[in-house]
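Participant: Take a look at entry_32.tsv, TSV, C-alpha atoms and all ligand atoms:
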```
chain	number	residue	atom	x	y	z
A	948	MET	CA	112.34	72.04	78.53
A	949	LYS	CA	110.67	69.21	76.65
A	950	LEU	CA	109.09	67.49	79.66
A	951	LEU	CA	107.39	70.76	80.61
A	952	MET	CA	106.25	71.60	77.08
A	953	ASP	CA	104.76	68.08	76.71
A	954	ARG	CA	102.90	68.51	79.99
A	955	ILE	CA	101.57	71.94	79.03
A	956	ARG	CA	100.37	70.47	75.75
A	957	THR	CA	98.60	67.52	77.37
A	958	SER	CA	97.27	69.17	80.56
A	959	GLY	CA	97.18	72.93	79.92
A	960	GLN	CA	93.92	74.64	79.03
A	961	VAL	CA	93.75	77.81	76.96
A	962	GLU	CA	91.21	80.17	78.51
A	963	LYS	CA	89.70	83.48	77.45
A	964	GLY	CA	91.77	86.61	78.04
A	965	ASN	CA	95.14	85.06	77.12
A	966	ILE	CA	95.14	82.88	80.23
A	967	LEU	CA	96.80	79.49	80.17
A	968	LYS	CA	95.42	77.29	82.93
A	969	VAL	CA	97.92	74.84	84.38
A	970	ASP	CA	96.23	74.25	87.70
A	971	SER	CA	96.31	70.45	87.34
A	972	PHE	CA	100.11	70.36	87.74
A	973	LEU	CA	101.65	73.77	88.54
A	974	ASN	CA	99.62	76.16	90.63
A	975	HIS	CA	96.69	74.43	92.31
A	976	GLN	CA	97.29	70.69	92.22
A	977	ILE	CA	101.07	70.36	92.13
A	978	ASP	CA	103.14	67.65	90.42
A	979	VAL	CA	106.11	67.65	92.76
A	980	ALA	CA	108.17	65.31	90.56
A	981	LEU	CA	107.78	67.78	87.68
A	982	LEU	CA	108.71	70.67	89.99
A	983	GLU	CA	111.89	68.78	90.91
A	984	GLU	CA	112.84	68.61	87.23
A	985	ILE	CA	112.01	72.32	86.88
A	986	GLY	CA	114.21	73.08	89.91
A	987	LYS	CA	117.10	71.07	88.41
A	988	GLU	CA	116.74	72.81	85.06
A	989	LEU	CA	116.73	76.28	86.68
A	990	LYS	CA	119.88	75.32	88.58
A	991	ARG	CA	121.47	74.17	85.29
A	992	GLN	CA	120.57	77.49	83.62
A	993	PHE	CA	122.20	79.51	86.42
A	994	SER	CA	124.88	76.93	87.34
A	995	ASP	CA	127.83	79.29	87.03
A	996	ARG	CA	126.26	82.05	89.14
A	997	GLU	CA	126.46	82.65	92.88
A	998	ILE	CA	122.96	82.98	94.33
A	999	THR	CA	122.32	83.65	98.01
A	1000	LYS	CA	118.53	83.98	97.90
A	1001	ILE	CA	115.58	83.18	95.69
A	1002	LEU	CA	112.87	85.85	95.60
A	1003	THR	CA	109.33	85.12	94.45
A	1004	ILE	CA	105.79	86.41	94.90
A	1005	GLU	CA	102.87	84.75	96.65
A	1006	SER	CA	101.21	82.50	96.01
A	1007	SER	CA	101.95	80.50	92.87
A	1008	GLY	CA	105.68	81.19	92.86
A	1009	ILE	CA	106.28	79.78	96.33
A	1010	ALA	CA	106.16	76.03	95.62
A	1011	ILE	CA	108.37	76.40	92.54
A	1012	ALA	CA	110.87	78.58	94.38
A	1013	CYS	CA	111.04	76.21	97.36
A	1014	ILE	CA	111.81	73.16	95.25
A	1015	ALA	CA	114.33	75.11	93.16
A	1016	ALA	CA	115.99	76.23	96.42
A	1017	ARG	CA	116.77	72.58	97.22
A	1018	TYR	CA	119.18	72.67	94.23
A	1019	PHE	CA	120.51	76.19	94.86
A	1020	HIS	CA	120.95	75.50	98.59
A	1021	CYS	CA	119.67	78.90	99.60
A	1022	PRO	CA	116.61	80.36	101.37
A	1023	VAL	CA	113.45	81.56	99.63
A	1024	VAL	CA	111.88	84.94	100.34
A	1025	PHE	CA	108.39	85.58	99.00
A	1026	ALA	CA	106.91	89.02	98.58
A	1027	LYS	CA	103.51	89.31	100.22
A	1028	LYS	CA	100.61	90.99	98.48
A	1029	SER	CA	98.86	93.66	100.47
A	1030	LYS	CA	95.89	95.81	99.49
A	1031	SER	CA	97.07	98.77	101.55
A	1032	LEU	CA	100.52	100.25	101.70
A	1033	ASN	CA	102.50	99.27	104.78
A	1034	ILE	CA	104.07	102.46	106.05
A	1035	ALA	CA	105.86	100.96	109.03
A	1036	GLY	CA	109.20	101.65	107.37
A	1037	ASP	CA	110.65	98.21	108.01
A	1038	VAL	CA	109.65	96.91	104.58
A	1039	TYR	CA	110.44	97.40	100.91
A	1040	THR	CA	107.34	97.84	98.77
A	1041	ALA	CA	106.47	98.03	95.09
A	1042	ARG	CA	103.21	98.37	93.22
A	1043	VAL	CA	102.21	95.45	91.00
A	1044	GLU	CA	99.19	95.14	88.76
A	1045	SER	CA	97.92	91.56	88.73
A	1046	PHE	CA	97.56	90.08	85.25
A	1047	THR	CA	95.00	87.48	86.28
A	1048	HIS	CA	92.91	89.52	88.75
A	1049	LYS	CA	93.28	92.99	87.16
A	1050	THR	CA	93.81	94.49	90.62
A	1051	THR	CA	96.79	96.41	91.93
A	1052	ASN	CA	98.65	95.20	95.01
A	1053	ASP	CA	101.49	96.59	97.00
A	1054	ILE	CA	104.03	93.81	97.31
A	1055	VAL	CA	105.98	93.83	100.51
A	1056	VAL	CA	109.20	92.25	101.82
A	1057	SER	CA	110.67	92.81	105.24
A	1058	ARG	CA	113.95	94.70	105.04
A	1059	LYS	CA	115.67	92.11	107.20
A	1060	PHE	CA	115.32	89.45	104.50
A	1061	LEU	CA	116.89	91.35	101.58
A	1062	LEU	CA	120.40	92.56	102.31
A	1063	PRO	CA	122.85	94.62	100.22
A	1064	GLU	CA	125.23	91.64	100.00
A	1065	ASP	CA	122.52	89.32	98.63
A	1066	LYS	CA	122.72	87.91	95.11
A	1067	ILE	CA	119.13	87.35	94.10
A	1068	LEU	CA	117.47	85.03	91.61
A	1069	ILE	CA	113.81	85.89	90.94
A	1070	ILE	CA	111.56	82.91	90.18
A	1071	ASP	CA	107.92	82.96	89.07
A	1072	ASP	CA	105.42	80.63	87.45
A	1073	PHE	CA	104.36	82.87	84.53
A	1074	LEU	CA	105.66	85.86	82.63
A	1075	ALA	CA	103.00	87.88	80.79
A	1076	ASN	CA	103.45	91.68	80.80
A	1077	GLY	CA	106.34	91.56	83.23
A	1078	LYS	CA	104.75	93.51	86.08
A	1079	ALA	CA	105.45	90.89	88.74
A	1080	ILE	CA	109.13	90.50	87.81
A	1081	LEU	CA	109.62	94.25	87.46
A	1082	GLY	CA	108.05	94.78	90.91
A	1083	LEU	CA	110.29	92.12	92.44
A	1084	SER	CA	113.39	93.58	90.76
A	1085	ASP	CA	112.45	96.97	92.22
A	1086	LEU	CA	112.51	95.42	95.72
A	1087	VAL	CA	116.01	94.06	94.96
A	1088	ARG	CA	117.11	97.54	93.82
A	1089	GLN	CA	115.69	99.18	96.98
A	1090	ALA	CA	117.65	96.71	99.13
A	1091	GLY	CA	120.87	97.49	97.25
A	1092	ALA	CA	121.19	93.77	96.50
A	1093	THR	CA	122.41	92.30	93.19
A	1094	LEU	CA	119.87	90.88	90.75
A	1095	VAL	CA	121.54	87.85	89.18
A	1096	GLY	CA	118.62	86.99	86.91
A	1097	ALA	CA	115.09	85.69	86.62
A	1098	GLY	CA	113.83	82.16	86.03
A	1099	VAL	CA	110.32	81.68	84.72
A	1100	VAL	CA	108.49	78.41	84.17
A	1101	ILE	CA	106.14	79.61	81.40
A	1102	GLU	CA	106.67	82.78	79.37
A	1103	LYS	CA	103.87	83.89	77.09
A	1104	GLY	CA	106.06	85.17	74.30
A	1105	PHE	CA	103.20	86.94	72.53
A	1106	GLN	CA	102.92	89.36	75.46
A	1107	ASP	CA	105.62	91.96	75.91
A	1108	GLY	CA	107.02	91.19	79.39
A	1109	GLY	CA	109.91	89.06	78.14
A	1110	LYS	CA	111.00	91.72	75.67
A	1111	ARG	CA	110.86	94.47	78.30
A	1112	ILE	CA	112.82	92.45	80.85
A	1113	ARG	CA	115.51	91.39	78.37
A	1114	GLU	CA	115.83	95.00	77.16
A	1115	LEU	CA	116.56	96.02	80.76
A	1116	GLY	CA	119.51	93.63	80.69
A	1117	ILE	CA	118.00	91.18	83.17
A	1118	ASP	CA	119.31	87.65	82.53
A	1119	LEU	CA	115.98	85.93	81.90
A	1120	HIS	CA	115.57	82.20	81.39
A	1121	SER	CA	112.14	80.79	80.58
A	1122	LEU	CA	111.74	77.02	80.55
A	1123	ALA	CA	108.87	77.12	78.05
A	1124	ILE	CA	107.98	80.03	75.79
A	1125	VAL	CA	104.46	79.97	74.35
A	1126	GLU	CA	104.54	81.68	70.98
A	1127	SER	CA	100.81	81.44	70.37
A	1128	MET	CA	97.83	79.70	71.91
A	1129	ASP	CA	94.29	79.17	70.79
A	1130	PRO	CA	91.46	77.09	72.31
A	1131	ASP	CA	90.84	75.43	68.93
A	1132	THR	CA	94.27	75.09	67.34
A	1133	GLY	CA	96.30	74.58	70.51
A	1134	ILE	CA	99.66	75.80	71.75
A	1135	VAL	CA	102.78	76.57	69.74
A	1136	PHE	CA	106.11	76.92	71.55
A	1137	ARG	CA	108.87	79.26	70.39
A	1138	SER	CA	111.44	76.54	69.73
A	1139	GLU	CA	109.02	74.86	67.35
A	1140	ASN	CA	108.87	77.78	64.93
A	1201	LIG	P1	102.89	89.66	84.58
A	1201	LIG	O1	103.14	90.36	85.88
A	1201	LIG	O2	104.15	89.19	83.91
A	1201	LIG	O3	101.97	90.42	83.68
A	1201	LIG	O4	102.06	88.34	84.95
A	1201	LIG	C1	102.70	87.33	85.70
A	1201	LIG	C2	101.85	86.92	86.87
A	1201	LIG	O5	100.49	86.80	86.50
A	1201	LIG	C3	102.32	85.57	87.39
A	1201	LIG	O6	102.75	85.75	88.72
A	1201	LIG	C4	101.10	84.68	87.31
A	1201	LIG	O7	100.66	84.36	88.60
A	1201	LIG	C5	100.02	85.46	86.61
A	1201	LIG	N1	99.78	84.99	85.23
A	1201	LIG	C6	100.03	85.67	84.08
A	1201	LIG	N2	99.60	85.01	83.02
A	1201	LIG	C7	99.08	83.85	83.48
A	1201	LIG	C8	98.45	82.73	82.83
A	1201	LIG	O8	98.30	82.65	81.59
A	1201	LIG	N3	98.03	81.72	83.64
A	1201	LIG	C9	98.16	81.76	84.98
A	1201	LIG	N4	97.74	80.71	85.69
A	1201	LIG	N5	98.73	82.81	85.63
A	1201	LIG	C10	99.18	83.84	84.88
```
Please express the file's structure as structure tokens.
Facilitator:
Amino acid sequence: MKLLMDRIRTSGQVEKGNILKVDSFLNHQIDVALLEEIGKELKRQFSDREITKILTIESSGIAIACIAARYFHCPVVFAKKSKSLNIAGDVYTARVESFTHKTTNDIVVSRKFLLPEDKILIIDDFLANGKAILGLSDLVRQAGATLVGAGVVIEKGFQDGGKRIRELGIDLHSLAIVESMDPDTGIVFRSEN
């Protein structure tokens, strides 16, 4: 998605530890007009598919998922992060290691919001090692729902999450794939190679 790649190039900052900072438009300050274009593009990518719910993870995925949901005309469910396992039995849980914080969270969704008849699209801001998307897809599996695919705004193609998810047969669409990034030489996107 050219608009997104241009914005990453002009406003993204490459940080230490393979972190791309996009907090001026995506996950701290939010450019809502850009998110609308992202929502439209995600809808275009999955236009032929029936989707009954969008599933994401707090907190950065929520804004993106909500604007995308305006085009999919479906509700958004976000998995909550919890430090301790909820054993109440009315939730689905999965263990997810955070790429940015290097901590492990149990992610939790109430059983009443993921139903066996649901057709789920997972949406997230970044794909790095794939832990977040794999955790979310495990919640979908536990619910007996159908995973239609996953839509990611920025995939870091030099990390192995995208490969792992595609190998599992998950229909993954990333709107921008960063092939390499360096604080001095900048960002190269996959389509530019
Ligand atoms: P994964 O689970 O695929 O390893 O990492 C994806 C999650 O980590 C996303 O939900 C995102 O919040 C965070 N993340 C991974 N890489 C980056 C990055 O380069 N920049 C930012 N801002 N978040 C990232």
Participant: Residues near Arg1111 (chain A), anyone? I mean within 12 Å using all atoms listed in the file, not counting same-chain ones fewer than 2 positions away, as an NGL selection string.
Facilitator: :A and (1074-1078 or 1080-1081 or 1104 or 1106-1109 or 1113-1119)
Participant: Just to be explicit: take each residue in the selection above, keep C-alpha atoms, and write the result as a PDB file, in the frame of the given file.
Facilitator:
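What ended up in out.pdb:
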```pdb
ATOM      1  CA  LEU A1074     105.660  85.860  82.630  1.00  0.00           C
ATOM      2  CA  ALA A1075     103.000  87.880  80.790  1.00  0.00           C
ATOM      3  CA  ASN A1076     103.450  91.680  80.800  1.00  0.00           C
ATOM      4  CA  GLY A1077     106.340  91.560  83.230  1.00  0.00           C
ATOM      5  CA  LYS A1078     104.750  93.510  86.080  1.00  0.00           C
ATOM      6  CA  ILE A1080     109.130  90.500  87.810  1.00  0.00           C
ATOM      7  CA  LEU A1081     109.620  94.250  87.460  1.00  0.00           C
ATOM      8  CA  GLY A1104     106.060  85.170  74.300  1.00  0.00           C
ATOM      9  CA  GLN A1106     102.920  89.360  75.460  1.00  0.00           C
ATOM     10  CA  ASP A1107     105.620  91.960  75.910  1.00  0.00           C
ATOM     11  CA  GLY A1108     107.020  91.190  79.390  1.00  0.00           C
ATOM     12  CA  GLY A1109     109.910  89.060  78.140  1.00  0.00           C
ATOM     13  CA  ARG A1113     115.510  91.390  78.370  1.00  0.00           C
ATOM     14  CA  GLU A1114     115.830  95.000  77.160  1.00  0.00           C
ATOM     15  CA  LEU A1115     116.560  96.020  80.760  1.00  0.00           C
ATOM     16  CA  GLY A1116     119.510  93.630  80.690  1.00  0.00           C
ATOM     17  CA  ILE A1117     118.000  91.180  83.170  1.00  0.00           C
ATOM     18  CA  ASP A1118     119.310  87.650  82.530  1.00  0.00           C
ATOM     19  CA  LEU A1119     115.980  85.930  81.900  1.00  0.00           C
TER      20      LEU A1119
END
```
Participant: Out of A:Ile955, A:Ala1015, A:Ala1090, A:Ala1026, which residue has the shortest atom-to-atom distance to Gly1133 (chain A) when counting only C-alpha atoms?
Facilitator: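 Residue with the minimum atom-to-atom distance to Gly1133 (chain A): A:Ile955.
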Participant: Can you tell me which residues come within 9 Å of ligand LIG 1201 (chain A) when counting only C-alpha atoms and all ligand atoms, ideally as JSON, numbers by chain?
Facilitator: {"A": [961, 962, 964, 965, 966, 967, 968, 969, 970, 973, 974, 1003, 1004, 1005, 1006, 1007, 1008, 1043, 1044, 1045, 1046, 1047, 1048, 1071, 1072, 1073, 1074, 1075, 1076, 1077, 1078, 1079, 1080, 1081, 1082, 1101, 1102, 1103, 1106, 1107, 1108, 1109]}
Participant: Kindly save the residues from that selection, with C-alpha atoms included, as a short mmCIF file (atom, residue, chain, number, x, y, z; two decimals), keeping the file's coordinate frame.
Facilitator:
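Result file follows (selection_30.cif):
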```cif
data_model
loop_
_atom_site.label_atom_id
_atom_site.label_comp_id
_atom_site.auth_asym_id
_atom_site.auth_seq_id
_atom_site.Cartn_x
_atom_site.Cartn_y
_atom_site.Cartn_z
CA VAL A 961 93.75 77.81 76.96
CA GLU A 962 91.21 80.17 78.51
CA GLY A 964 91.77 86.61 78.04
CA ASN A 965 95.14 85.06 77.12
CA ILE A 966 95.14 82.88 80.23
CA LEU A 967 96.80 79.49 80.17
CA LYS A 968 95.42 77.29 82.93
CA VAL A 969 97.92 74.84 84.38
CA ASP A 970 96.23 74.25 87.70
CA LEU A 973 101.65 73.77 88.54
CA ASN A 974 99.62 76.16 90.63
CA THR A 1003 109.33 85.12 94.45
CA ILE A 1004 105.79 86.41 94.90
CA GLU A 1005 102.87 84.75 96.65
CA SER A 1006 101.21 82.50 96.01
CA SER A 1007 101.95 80.50 92.87
CA GLY A 1008 105.68 81.19 92.86
CA VAL A 1043 102.21 95.45 91.00
CA GLU A 1044 99.19 95.14 88.76
CA SER A 1045 97.92 91.56 88.73
CA PHE A 1046 97.56 90.08 85.25
CA THR A 1047 95.00 87.48 86.28
CA HIS A 1048 92.91 89.52 88.75
CA ASP A 1071 107.92 82.96 89.07
CA ASP A 1072 105.42 80.63 87.45
CA PHE A 1073 104.36 82.87 84.53
CA LEU A 1074 105.66 85.86 82.63
CA ALA A 1075 103.00 87.88 80.79
CA ASN A 1076 103.45 91.68 80.80
CA GLY A 1077 106.34 91.56 83.23
CA LYS A 1078 104.75 93.51 86.08
CA ALA A 1079 105.45 90.89 88.74
CA ILE A 1080 109.13 90.50 87.81
CA LEU A 1081 109.62 94.25 87.46
CA GLY A 1082 108.05 94.78 90.91
CA ILE A 1101 106.14 79.61 81.40
CA GLU A 1102 106.67 82.78 79.37
CA LYS A 1103 103.87 83.89 77.09
CA GLN A 1106 102.92 89.36 75.46
CA ASP A 1107 105.62 91.96 75.91
CA GLY A 1108 107.02 91.19 79.39
CA GLY A 1109 109.91 89.06 78.14
#
```
Participant: Can you pull out every residue within 9 Å of Phe972 (chain A), counting all atoms listed in the file, but drop anything in the same chain fewer than 3 positions away, and send it as a PDB file with C-alpha atoms, in the frame of the given file?
Facilitator:
```
ATOM      1  CA  ARG A 954     102.900  68.510  79.990  1.00  0.00           C
ATOM      2  CA  ILE A 955     101.570  71.940  79.030  1.00  0.00           C
ATOM      3  CA  SER A 958      97.270  69.170  80.560  1.00  0.00           C
ATOM      4  CA  GLY A 959      97.180  72.930  79.920  1.00  0.00           C
ATOM      5  CA  VAL A 969      97.920  74.840  84.380  1.00  0.00           C
ATOM      6  CA  HIS A 975      96.690  74.430  92.310  1.00  0.00           C
ATOM      7  CA  GLN A 976      97.290  70.690  92.220  1.00  0.00           C
ATOM      8  CA  ILE A 977     101.070  70.360  92.130  1.00  0.00           C
ATOM      9  CA  ASP A 978     103.140  67.650  90.420  1.00  0.00           C
ATOM     10  CA  VAL A 979     106.110  67.650  92.760  1.00  0.00           C
ATOM     11  CA  LEU A 981     107.780  67.780  87.680  1.00  0.00           C
ATOM     12  CA  LEU A 982     108.710  70.670  89.990  1.00  0.00           C
TER      13      LEU A 982
END
```
Participant: Suppose you want the space between CA of Val1095 (chain A) and CA of Asp995 (chain A); what is it in Å?
Facilitator: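 Result for CA of Val1095 (chain A) versus CA of Asp995 (chain A): 10.8 Å, one decimal.
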Participant: Given the point (117.8, 75.2, 91.1) in the coordinates of this file, which residues lie within 7 Å, counting all atoms listed in the file, and how would they look as a list of chain:residue names?
Facilitator: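 Residues found, by chain and rising number: A:Gly986, A:Lys987, A:Glu988, A:Leu989, A:Lys990, A:Arg991, A:Ala1015, A:Ala1016, A:Arg1017, A:Tyr1018, A:Phe1019.
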Participant: Point out the residue among A:Gly1096, A:Pro1130, A:Pro1063, A:Gly1091 with the least atom-to-atom distance to Gln992 (chain A), counting only C-alpha atoms.
Facilitator: A:Gly1096
Participant: What is the CA of Leu1122 (chain A)-CA of Leu951 (chain A) distance in Å, reported with one decimal?
Facilitator: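 That distance, rounded to one decimal, is 7.6 Å.
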Participant: Provide the CA of Val1125 (chain A) to CA of Ser1084 (chain A) distance in Å, to one decimal place.
Facilitator: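 CA of Val1125 (chain A) sits 23.1 Å away from CA of Ser1084 (chain A).
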Participant: Under the rule that only C-alpha atoms are counted, which of A:Ile1001, A:Val1135, A:Val1056, A:Leu1062 is the nearest residue to Gly1098 (chain A)?
Facilitator: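 Of the candidates, the smallest distance to Gly1098 (chain A) is held by A:Ile1001.
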Participant: Closest to Glu984 (chain A) among A:His1020, A:His1120, A:Lys949, A:Lys1110, using only C-alpha atoms?
Facilitator: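 Of A:His1020, A:His1120, A:Lys949, A:Lys1110, the one nearest Glu984 (chain A) is A:Lys949, counting only C-alpha atoms.
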